[in-house]
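**Student:** Structure file input-v3.txt, compact mmCIF, C-alpha atoms, is pasted below:
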```
# COMPACT_ATOMS: atom_id res chain seq x y z
CA MET A 1489 62.61 64.12 -89.71
CA GLU A 1490 65.71 66.15 -88.99
CA ILE A 1491 66.34 68.86 -86.44
CA GLU A 1492 68.66 71.79 -87.03
CA ASP A 1493 68.80 74.22 -84.11
CA ARG A 1494 65.14 74.88 -83.35
CA ASN A 1495 64.01 74.02 -86.87
CA LEU A 1496 62.30 70.76 -87.66
CA ILE A 1497 62.63 69.47 -91.22
CA ILE A 1498 59.96 66.96 -92.26
CA HIS A 1499 60.57 64.94 -95.41
CA VAL A 1500 57.10 64.15 -96.67
CA GLY A 1501 56.40 60.85 -98.49
CA LYS A 1502 55.14 60.44 -102.06
CA GLU A 1503 51.45 60.46 -101.22
CA ILE A 1504 50.02 62.77 -98.56
CA ASP A 1505 46.69 61.32 -97.66
CA HIS A 1506 44.94 60.45 -94.39
CA MET A 1507 47.45 57.69 -93.53
CA GLU A 1508 50.60 59.65 -94.31
CA ALA A 1509 49.23 62.70 -92.46
CA GLU A 1510 48.54 60.54 -89.39
CA ARG A 1511 52.05 59.08 -89.53
CA ILE A 1512 53.62 62.52 -89.72
CA ARG A 1513 51.36 63.78 -86.94
CA ALA A 1514 52.50 60.97 -84.60
CA ASP A 1515 56.20 61.50 -85.43
CA PHE A 1516 55.83 65.24 -85.02
CA GLU A 1517 54.14 64.99 -81.62
CA GLU A 1518 56.95 62.83 -80.29
CA CYS A 1519 59.61 65.18 -81.60
CA TYR A 1520 57.78 68.33 -80.54
CA MET A 1521 57.37 67.13 -76.94
CA ARG A 1522 61.07 66.40 -76.52
CA ARG A 1523 62.64 69.33 -78.34
CA ASN A 1524 62.15 73.05 -78.24
CA ILE A 1525 60.95 73.38 -81.85
CA LYS A 1526 60.22 76.82 -83.30
CA ASN A 1527 60.01 76.51 -87.09
CA VAL A 1528 58.76 73.65 -89.23
CA ILE A 1529 59.93 73.00 -92.81
CA PHE A 1530 58.00 70.57 -94.98
CA ASP A 1531 60.20 69.20 -97.75
CA MET A 1532 57.63 68.45 -100.46
CA SER A 1533 60.07 67.56 -103.24
CA GLU A 1534 59.05 63.89 -103.36
CA VAL A 1535 55.28 64.45 -103.23
CA GLU A 1536 53.26 63.14 -106.17
CA PHE A 1537 49.77 63.13 -104.67
CA MET A 1538 48.02 65.21 -102.03
CA ASP A 1539 44.45 65.58 -100.79
CA SER A 1540 43.00 67.85 -98.07
CA SER A 1541 44.67 65.71 -95.39
CA GLY A 1542 47.88 67.52 -96.36
CA ILE A 1543 46.25 70.91 -95.81
CA GLY A 1544 45.06 69.81 -92.36
CA MET A 1545 48.55 68.56 -91.53
CA ILE A 1546 50.20 71.87 -92.45
CA ILE A 1547 47.58 74.04 -90.69
CA GLY A 1548 47.96 71.85 -87.59
CA LYS A 1549 51.69 72.57 -87.39
CA TYR A 1550 51.12 76.28 -87.96
CA MET A 1551 48.67 76.38 -85.05
CA LYS A 1552 51.36 74.84 -82.80
CA VAL A 1553 54.39 76.93 -83.69
CA ARG A 1554 52.67 80.30 -83.99
CA TYR A 1555 52.45 80.50 -80.19
CA VAL A 1556 56.24 80.55 -79.96
CA GLY A 1557 56.59 82.97 -82.89
CA GLY A 1558 57.58 80.16 -85.24
CA LYS A 1559 56.98 79.85 -88.97
CA VAL A 1560 56.00 77.04 -91.32
CA PHE A 1561 57.70 76.59 -94.69
CA VAL A 1562 57.09 74.34 -97.68
CA THR A 1563 60.02 73.64 -99.99
CA GLY A 1564 60.56 71.92 -103.35
CA VAL A 1565 56.83 72.07 -104.13
CA PRO A 1566 55.98 70.32 -107.45
CA ASP A 1567 53.59 72.22 -109.77
CA ASN A 1568 50.57 69.94 -109.29
CA ILE A 1569 50.92 70.17 -105.51
CA ASP A 1570 51.41 73.94 -105.72
CA ARG A 1571 48.02 74.18 -107.46
CA ILE A 1572 46.32 72.46 -104.52
CA LEU A 1573 48.16 74.56 -101.94
CA LYS A 1574 47.19 77.77 -103.77
CA MET A 1575 43.58 76.72 -104.04
CA SER A 1576 43.40 76.06 -100.29
CA GLY A 1577 44.63 79.58 -99.49
CA ILE A 1578 47.33 78.16 -97.22
CA TYR A 1579 50.01 80.52 -98.56
CA LYS A 1580 48.46 83.20 -96.34
CA ILE A 1581 50.06 81.47 -93.35
CA VAL A 1582 52.82 79.34 -94.87
CA THR A 1583 55.92 80.48 -96.78
CA LYS A 1584 57.14 78.74 -99.94
CA ARG A 1585 60.89 78.42 -100.62
CA ASP A 1586 62.72 76.66 -103.44
CA ASN A 1587 64.72 74.41 -101.15
CA ILE A 1588 65.46 73.56 -97.52
CA PHE A 1589 68.61 75.67 -97.46
CA GLN A 1590 66.67 78.80 -98.43
CA ALA A 1591 64.00 78.05 -95.86
CA LEU A 1592 66.61 77.67 -93.12
CA ARG A 1593 68.06 81.04 -94.07
CA SER A 1594 64.60 82.62 -93.62
CA CYS A 1595 64.06 81.06 -90.19
CA MET B 445 23.77 48.76 -123.05
CA ASP B 446 25.54 51.48 -121.08
CA ASP B 447 26.02 49.09 -118.17
CA ILE B 448 28.72 47.25 -120.05
CA GLN B 449 31.03 50.17 -119.22
CA LYS B 450 30.16 50.25 -115.54
CA MET B 451 32.75 49.46 -112.87
CA SER B 452 32.11 48.87 -109.20
CA ILE B 453 34.31 47.96 -106.27
CA GLU B 454 33.48 47.31 -102.64
CA PHE B 455 36.00 47.41 -99.81
CA GLY B 456 36.32 47.73 -96.03
CA CYS B 457 36.67 51.03 -94.17
CA GLU B 458 40.39 50.87 -93.46
CA PRO B 459 42.56 53.86 -94.40
CA ALA B 460 44.84 51.75 -96.61
CA ASN B 461 41.91 51.40 -99.04
CA GLU B 462 41.89 55.13 -99.77
CA SER B 463 44.86 54.79 -102.10
CA PHE B 464 43.45 51.59 -103.58
CA ALA B 465 40.16 53.36 -104.44
CA ARG B 466 41.72 56.42 -106.07
CA VAL B 467 44.18 54.35 -108.11
CA ALA B 468 41.37 52.00 -109.27
CA VAL B 469 39.23 54.95 -110.42
CA ALA B 470 42.21 56.58 -112.14
CA ALA B 471 42.96 53.32 -113.99
CA TYR B 472 39.31 53.09 -115.06
CA ALA B 473 39.30 56.71 -116.26
CA ALA B 474 42.48 56.12 -118.29
CA ARG B 475 40.40 54.85 -121.26
CA LEU B 476 39.19 58.44 -121.77
CA ASN B 477 42.75 59.57 -122.45
CA PRO B 478 42.87 62.09 -119.61
CA THR B 479 45.74 64.50 -119.06
CA VAL B 480 48.04 64.05 -116.07
CA GLU B 481 46.29 67.01 -114.46
CA GLU B 482 42.83 65.49 -114.95
CA ILE B 483 43.98 62.20 -113.43
CA SER B 484 45.45 64.07 -110.48
CA ASP B 485 42.15 65.97 -109.96
CA ILE B 486 40.07 62.80 -110.09
CA LYS B 487 42.36 60.98 -107.66
CA THR B 488 42.17 63.83 -105.17
CA ALA B 489 38.35 64.03 -105.39
CA VAL B 490 37.95 60.26 -104.90
CA SER B 491 40.39 60.31 -102.01
CA GLU B 492 38.33 63.04 -100.30
CA ALA B 493 35.04 61.15 -100.63
CA VAL B 494 36.46 57.81 -99.44
CA THR B 495 38.34 59.46 -96.56
CA ASN B 496 35.06 61.10 -95.47
CA SER B 497 33.32 57.72 -95.40
CA ILE B 498 36.13 56.26 -93.26
CA ILE B 499 36.74 59.17 -90.88
CA HIS B 500 33.18 60.40 -90.50
CA GLY B 501 30.72 57.79 -91.80
CA TYR B 502 32.35 54.82 -90.09
CA TYR B 503 34.20 56.62 -87.28
CA GLY B 504 35.38 54.10 -84.68
CA ARG B 505 34.06 51.15 -86.66
CA LYS B 506 35.93 48.37 -88.40
CA ASP B 507 33.09 46.55 -90.17
CA GLY B 508 31.91 49.31 -92.54
CA ARG B 509 31.84 48.74 -96.29
CA ILE B 510 32.31 51.36 -98.98
CA ILE B 511 31.13 51.02 -102.58
CA VAL B 512 32.68 52.98 -105.43
CA GLU B 513 30.85 52.86 -108.77
CA CYS B 514 32.03 54.44 -112.00
CA THR B 515 30.49 54.90 -115.40
CA ILE B 516 31.67 56.53 -118.60
CA LYS B 517 29.23 58.11 -121.03
CA GLU B 518 30.90 59.66 -124.05
CA ASP B 519 33.57 61.93 -122.54
CA LYS B 520 32.03 62.10 -119.05
CA LEU B 521 33.24 60.11 -116.06
CA THR B 522 30.80 59.66 -113.17
CA VAL B 523 31.95 58.36 -109.80
CA SER B 524 29.75 57.57 -106.84
CA VAL B 525 31.07 56.77 -103.37
CA SER B 526 28.56 55.33 -100.92
CA ASP B 527 28.62 54.15 -97.33
CA ARG B 528 26.08 52.98 -94.79
CA GLY B 529 27.58 54.98 -91.95
CA VAL B 530 26.20 57.65 -89.64
CA GLY B 531 25.14 60.00 -92.44
CA ILE B 532 25.33 63.78 -92.45
CA GLU B 533 22.86 65.82 -90.37
CA ASP B 534 23.38 69.10 -92.18
CA ILE B 535 24.83 68.72 -95.69
CA ASP B 536 25.12 72.48 -96.37
CA LYS B 537 27.13 72.93 -93.19
CA ALA B 538 29.34 69.93 -94.00
CA MET B 539 30.15 71.44 -97.40
CA GLU B 540 31.24 74.82 -95.99
CA PRO B 541 34.97 75.51 -96.34
CA MET B 542 36.95 74.90 -93.14
CA TYR B 543 34.02 73.24 -91.38
CA THR B 544 35.02 69.99 -89.73
CA THR B 545 33.65 67.87 -86.91
CA ARG B 546 37.12 66.40 -86.32
CA PRO B 547 39.56 69.28 -85.71
CA GLU B 548 41.42 67.09 -83.19
CA LEU B 549 42.47 64.83 -86.08
CA GLU B 550 43.85 67.88 -87.90
CA ARG B 551 41.19 67.64 -90.58
CA SER B 552 41.11 70.80 -92.67
CA GLY B 553 37.41 70.92 -93.51
CA MET B 554 38.37 71.27 -97.18
CA GLY B 555 37.24 67.86 -98.45
CA PHE B 556 34.02 68.94 -100.18
CA VAL B 557 35.69 72.16 -101.36
CA PHE B 558 38.30 70.06 -103.16
CA MET B 559 35.68 67.70 -104.62
CA GLU B 560 33.76 70.69 -105.99
CA ALA B 561 36.92 72.34 -107.28
CA PHE B 562 38.24 69.25 -109.05
CA MET B 563 35.01 67.83 -110.47
CA ASP B 564 32.39 69.49 -112.68
CA GLU B 565 29.44 68.39 -110.56
CA VAL B 566 29.15 67.07 -107.00
CA THR B 567 25.91 66.02 -105.32
CA VAL B 568 25.49 64.62 -101.83
CA GLU B 569 22.59 62.53 -100.62
CA SER B 570 22.59 61.57 -96.98
CA THR B 571 20.23 60.37 -94.28
CA ALA B 572 21.27 60.48 -90.64
CA GLY B 573 21.73 56.93 -89.40
CA GLU B 574 21.54 55.39 -92.87
CA GLY B 575 24.52 56.55 -94.88
CA THR B 576 25.82 58.87 -97.54
CA ILE B 577 26.20 58.83 -101.32
CA VAL B 578 28.50 61.32 -103.01
CA LYS B 579 28.11 61.52 -106.80
CA MET B 580 30.70 63.36 -108.86
CA SER B 581 31.25 63.81 -112.56
CA ARG B 582 33.91 65.25 -114.77
CA ARG B 583 34.24 65.74 -118.51
CA ILE B 584 37.59 64.63 -119.87
CA THR B 585 39.06 66.79 -122.61
CA SER B 586 40.86 64.02 -124.48
CA ASP B 587 42.88 66.71 -126.17
CA GLU B 588 45.25 64.85 -128.44
CA GLN B 589 47.95 67.49 -128.45
CA ILE B 590 47.90 67.84 -124.67
CA ASN B 591 47.93 64.08 -124.25
CA ASN B 592 50.84 63.69 -126.62
CA ASP B 593 52.69 66.21 -124.50
CA THR B 594 51.68 64.28 -121.41
CA CYS B 595 52.98 61.03 -122.87
CA MET B 596 56.26 62.73 -123.74
CA ALA B 597 56.48 64.16 -120.24
CA VAL B 598 56.04 60.78 -118.59
CA GLY B 599 58.25 59.09 -121.15
CA TYR B 600 55.71 56.89 -122.98
CA ASN B 601 56.65 57.70 -126.55
```
Could you quickly redo this structure as structure tokens?

**Tutor:**
Amino acid sequence: MEIEDRNLIIHVGKEIDHMEAERIRADFEECYMRRNIKNVIFDMSEVEFMDSSGIGMIIGKYMKVRYVGGKVFVTGVPDNIDRILKMSGIYKIVTKRDNIFQALRSC
Amino acid sequence: MDDIQKMSIEFGCEPANESFARVAVAAYAARLNPTVEEISDIKTAVSEAVTNSIIHGYYGRKDGRIIVECTIKEDKLTVSVSDRGVGIEDIDKAMEPMYTTRPELERSGMGFVFMEAFMDEVTVESTAGEGTIVKMSRRITSDEQINNDTCMAVGYN
């Protein structure tokens, strides 16, 4: 995880399942408590597999940052992961950008 | 005998076994020549069912066992995931999109939605206090052209 201003960048591992989502949740909580985070950017460029745990993880972060007017972004989304994200309807609340740089510019 | 094709694995209810289960089923399904997309769909569906058994069926327990059985008949893969956990009181409710009994764990309530989206058929049998069996099936296209493209894409040829 990296922090730039009030933006938290989360580099997601290859497989987002229950275990990876729990790991990210724990890391996020620690970071979120200490810093004044507004926006969250999920860098999905390395992701090869995702199940609904990933959807829960992203919605969870949205629920947190929306109270401070923050946004959630996903970047570098591979096609097979994009299919799952579309199917879940999550793009109603989350913005997709090609890369982290573009997401930071939209923050 | 159809049974000669059958595969079954049994494992404990620890989260690390979720990836083991989906990879094992994907390896078994490989004999049907699935596309990369079909493999991805099957892995996601299996992951959902096994995660449900661990998070809901055996919540707070360490001694639970999960059985995954697979069969192939012609071009159809059937997977069943069973546990002897708490069972589901109201199956229709459990299958509703966004319904979850564990929002505090950031569960999306999309598990059954994904299973139904990625498999052709999904049936759930459950008895409160006794356990749950999720049966799923999917026809594999075995499209030679698509699979040749897939092999090229992953660098097999």

**Student:** Mind listing as number ranges by chain which residues of chain A are within 12 Å of chain B, counting all atoms listed in the file?

**Tutor:** A: 1502-1514, 1536-1552, 1567-1569, 1571-1578

**Student:** If you measure from CA of Thr571 (chain B) to CA of Met539 (chain B), what distance in Å do you get, rounded to one decimal?

**Tutor:**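 Between CA of Thr571 (chain B) and CA of Met539 (chain B) the gap works out to 15.2 Å.
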
**Student:** For Ser1533 (chain A), find every residue with an atom within 10 Å (counting all atoms listed in the file), except residues of its own chain fewer than 4 positions away, and show them as a list in words.

**Tutor:**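 These residues fall inside the cut-off: His1499, Val1500, Gly1501, Lys1502, Val1562, Thr1563, Gly1564, Val1565, Pro1566, Ile1569, Asp1586, Asn1587 and Ile1588 of chain A.
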
**Student:** Selected residues, C-alpha atoms, written as a tab-separated table (two decimals), keeping the file's coordinate frame, please.

**Tutor:**
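Listing of out_2.tsv after writing:
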```tsv
chain	number	residue	atom	x	y	z
A	1499	HIS	CA	60.57	64.94	-95.41
A	1500	VAL	CA	57.10	64.15	-96.67
A	1501	GLY	CA	56.40	60.85	-98.49
A	1502	LYS	CA	55.14	60.44	-102.06
A	1562	VAL	CA	57.09	74.34	-97.68
A	1563	THR	CA	60.02	73.64	-99.99
A	1564	GLY	CA	60.56	71.92	-103.35
A	1565	VAL	CA	56.83	72.07	-104.13
A	1566	PRO	CA	55.98	70.32	-107.45
A	1569	ILE	CA	50.92	70.17	-105.51
A	1586	ASP	CA	62.72	76.66	-103.44
A	1587	ASN	CA	64.72	74.41	-101.15
A	1588	ILE	CA	65.46	73.56	-97.52
```

**Student:** Can you tell me, as a ChimeraX atom specification, which residues sit within 9 Å of (32.1, 58.7, -107.0) in the file's frame, using only C-alpha atoms?

**Tutor:** /B:469,489-490,493-494,511-514,522-526,566,577-581

**Student:** Show which residues sit within 10 Å of Arg1523 (chain A), as a count of residues only. Count all atoms listed in the file, and ignore same-chain residues fewer than 2 positions away.

**Tutor:** 11

**Student:** When you look at Phe455 (chain B) with a cut-off of 9 Å (counting all atoms listed in the file), what residues show up, excluding the ones that are within fewer than 5 positions of it in the same chain? I need them as a PDB file with C-alpha atoms, in the coordinates of the input.

**Tutor:**
```
ATOM      1  CA  ASN B 461      41.910  51.400 -99.040  1.00  0.00           C
ATOM      2  CA  ALA B 465      40.160  53.360-104.440  1.00  0.00           C
ATOM      3  CA  GLY B 508      31.910  49.310 -92.540  1.00  0.00           C
ATOM      4  CA  ARG B 509      31.840  48.740 -96.290  1.00  0.00           C
ATOM      5  CA  ILE B 510      32.310  51.360 -98.980  1.00  0.00           C
ATOM      6  CA  ILE B 511      31.130  51.020-102.580  1.00  0.00           C
ATOM      7  CA  VAL B 512      32.680  52.980-105.430  1.00  0.00           C
TER       8      VAL B 512
END
```

**Student:** How many Å separate CA of Asn1527 (chain A) from CA of Leu1592 (chain A)?

**Tutor:**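 Rounded to one decimal, the two atoms are 9.0 Å apart.
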
**Student:** Pick out the residues sitting within 10 Å of Glu533 (chain B), and hand them over as a list in words; count all atoms listed in the file, and ignore anything fewer than 3 positions along from it in its own chain.

**Tutor:**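 Final neighbour list, sorted by chain and number: Val530, Asp536, Lys537, Ala538, Ser570, Thr571, Ala572 and Gly573 of chain B.
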
**Student:** Could I get region 484-502 of chain B rebuilt with N, CA and C atoms, written as an mmCIF file, in the frame of the given file?

**Tutor:**
```
data_model
loop_
_atom_site.group_PDB
_atom_site.id
_atom_site.type_symbol
_atom_site.label_atom_id
_atom_site.label_comp_id
_atom_site.auth_asym_id
_atom_site.auth_seq_id
_atom_site.Cartn_x
_atom_site.Cartn_y
_atom_site.Cartn_z
ATOM 1 N N SER B 484 45.111 63.591 -111.815
ATOM 2 C CA SER B 484 45.450 64.070 -110.480
ATOM 3 C C SER B 484 44.200 64.634 -109.774
ATOM 4 N N ASP B 485 43.388 65.401 -110.516
ATOM 5 C CA ASP B 485 42.150 65.970 -109.960
ATOM 6 C C ASP B 485 41.182 64.875 -109.518
ATOM 7 N N ILE B 486 41.017 63.885 -110.383
ATOM 8 C CA ILE B 486 40.070 62.800 -110.090
ATOM 9 C C ILE B 486 40.530 62.010 -108.863
ATOM 10 N N LYS B 487 41.831 61.724 -108.801
ATOM 11 C CA LYS B 487 42.360 60.980 -107.660
ATOM 12 C C LYS B 487 42.129 61.735 -106.350
ATOM 13 N N THR B 488 42.355 63.052 -106.393
ATOM 14 C CA THR B 488 42.170 63.830 -105.170
ATOM 15 C C THR B 488 40.691 63.811 -104.750
ATOM 16 N N ALA B 489 39.781 64.007 -105.712
ATOM 17 C CA ALA B 489 38.350 64.030 -105.390
ATOM 18 C C ALA B 489 37.887 62.688 -104.798
ATOM 19 N N VAL B 490 38.337 61.583 -105.400
ATOM 20 C CA VAL B 490 37.950 60.260 -104.900
ATOM 21 C C VAL B 490 38.515 60.033 -103.505
ATOM 22 N N SER B 491 39.751 60.458 -103.316
ATOM 23 C CA SER B 491 40.390 60.310 -102.010
ATOM 24 C C SER B 491 39.602 61.053 -100.928
ATOM 25 N N GLU B 492 39.117 62.250 -101.264
ATOM 26 C CA GLU B 492 38.330 63.040 -100.300
ATOM 27 C C GLU B 492 37.045 62.301 -99.899
ATOM 28 N N ALA B 493 36.329 61.794 -100.902
ATOM 29 C CA ALA B 493 35.040 61.150 -100.630
ATOM 30 C C ALA B 493 35.235 59.876 -99.798
ATOM 31 N N VAL B 494 36.234 59.063 -100.158
ATOM 32 C CA VAL B 494 36.460 57.810 -99.440
ATOM 33 C C VAL B 494 36.971 58.092 -98.013
ATOM 34 N N THR B 495 37.843 59.097 -97.885
ATOM 35 C CA THR B 495 38.340 59.460 -96.560
ATOM 36 C C THR B 495 37.174 59.919 -95.665
ATOM 37 N N ASN B 496 36.239 60.677 -96.232
ATOM 38 C CA ASN B 496 35.060 61.100 -95.470
ATOM 39 C C ASN B 496 34.271 59.904 -94.950
ATOM 40 N N SER B 497 34.072 58.910 -95.818
ATOM 41 C CA SER B 497 33.320 57.720 -95.400
ATOM 42 C C SER B 497 34.028 57.021 -94.230
ATOM 43 N N ILE B 498 35.356 56.961 -94.297
ATOM 44 C CA ILE B 498 36.130 56.260 -93.260
ATOM 45 C C ILE B 498 36.191 57.072 -91.964
ATOM 46 N N ILE B 499 36.529 58.353 -92.080
ATOM 47 C CA ILE B 499 36.740 59.170 -90.880
ATOM 48 C C ILE B 499 35.427 59.602 -90.230
ATOM 49 N N HIS B 500 34.441 59.911 -91.053
ATOM 50 C CA HIS B 500 33.180 60.400 -90.500
ATOM 51 C C HIS B 500 32.084 59.328 -90.505
ATOM 52 N N GLY B 501 31.810 58.770 -91.677
ATOM 53 C CA GLY B 501 30.720 57.790 -91.800
ATOM 54 C C GLY B 501 30.899 56.616 -90.862
ATOM 55 N N TYR B 502 32.097 56.034 -90.886
ATOM 56 C CA TYR B 502 32.350 54.820 -90.090
ATOM 57 C C TYR B 502 33.300 55.091 -88.925
#
```
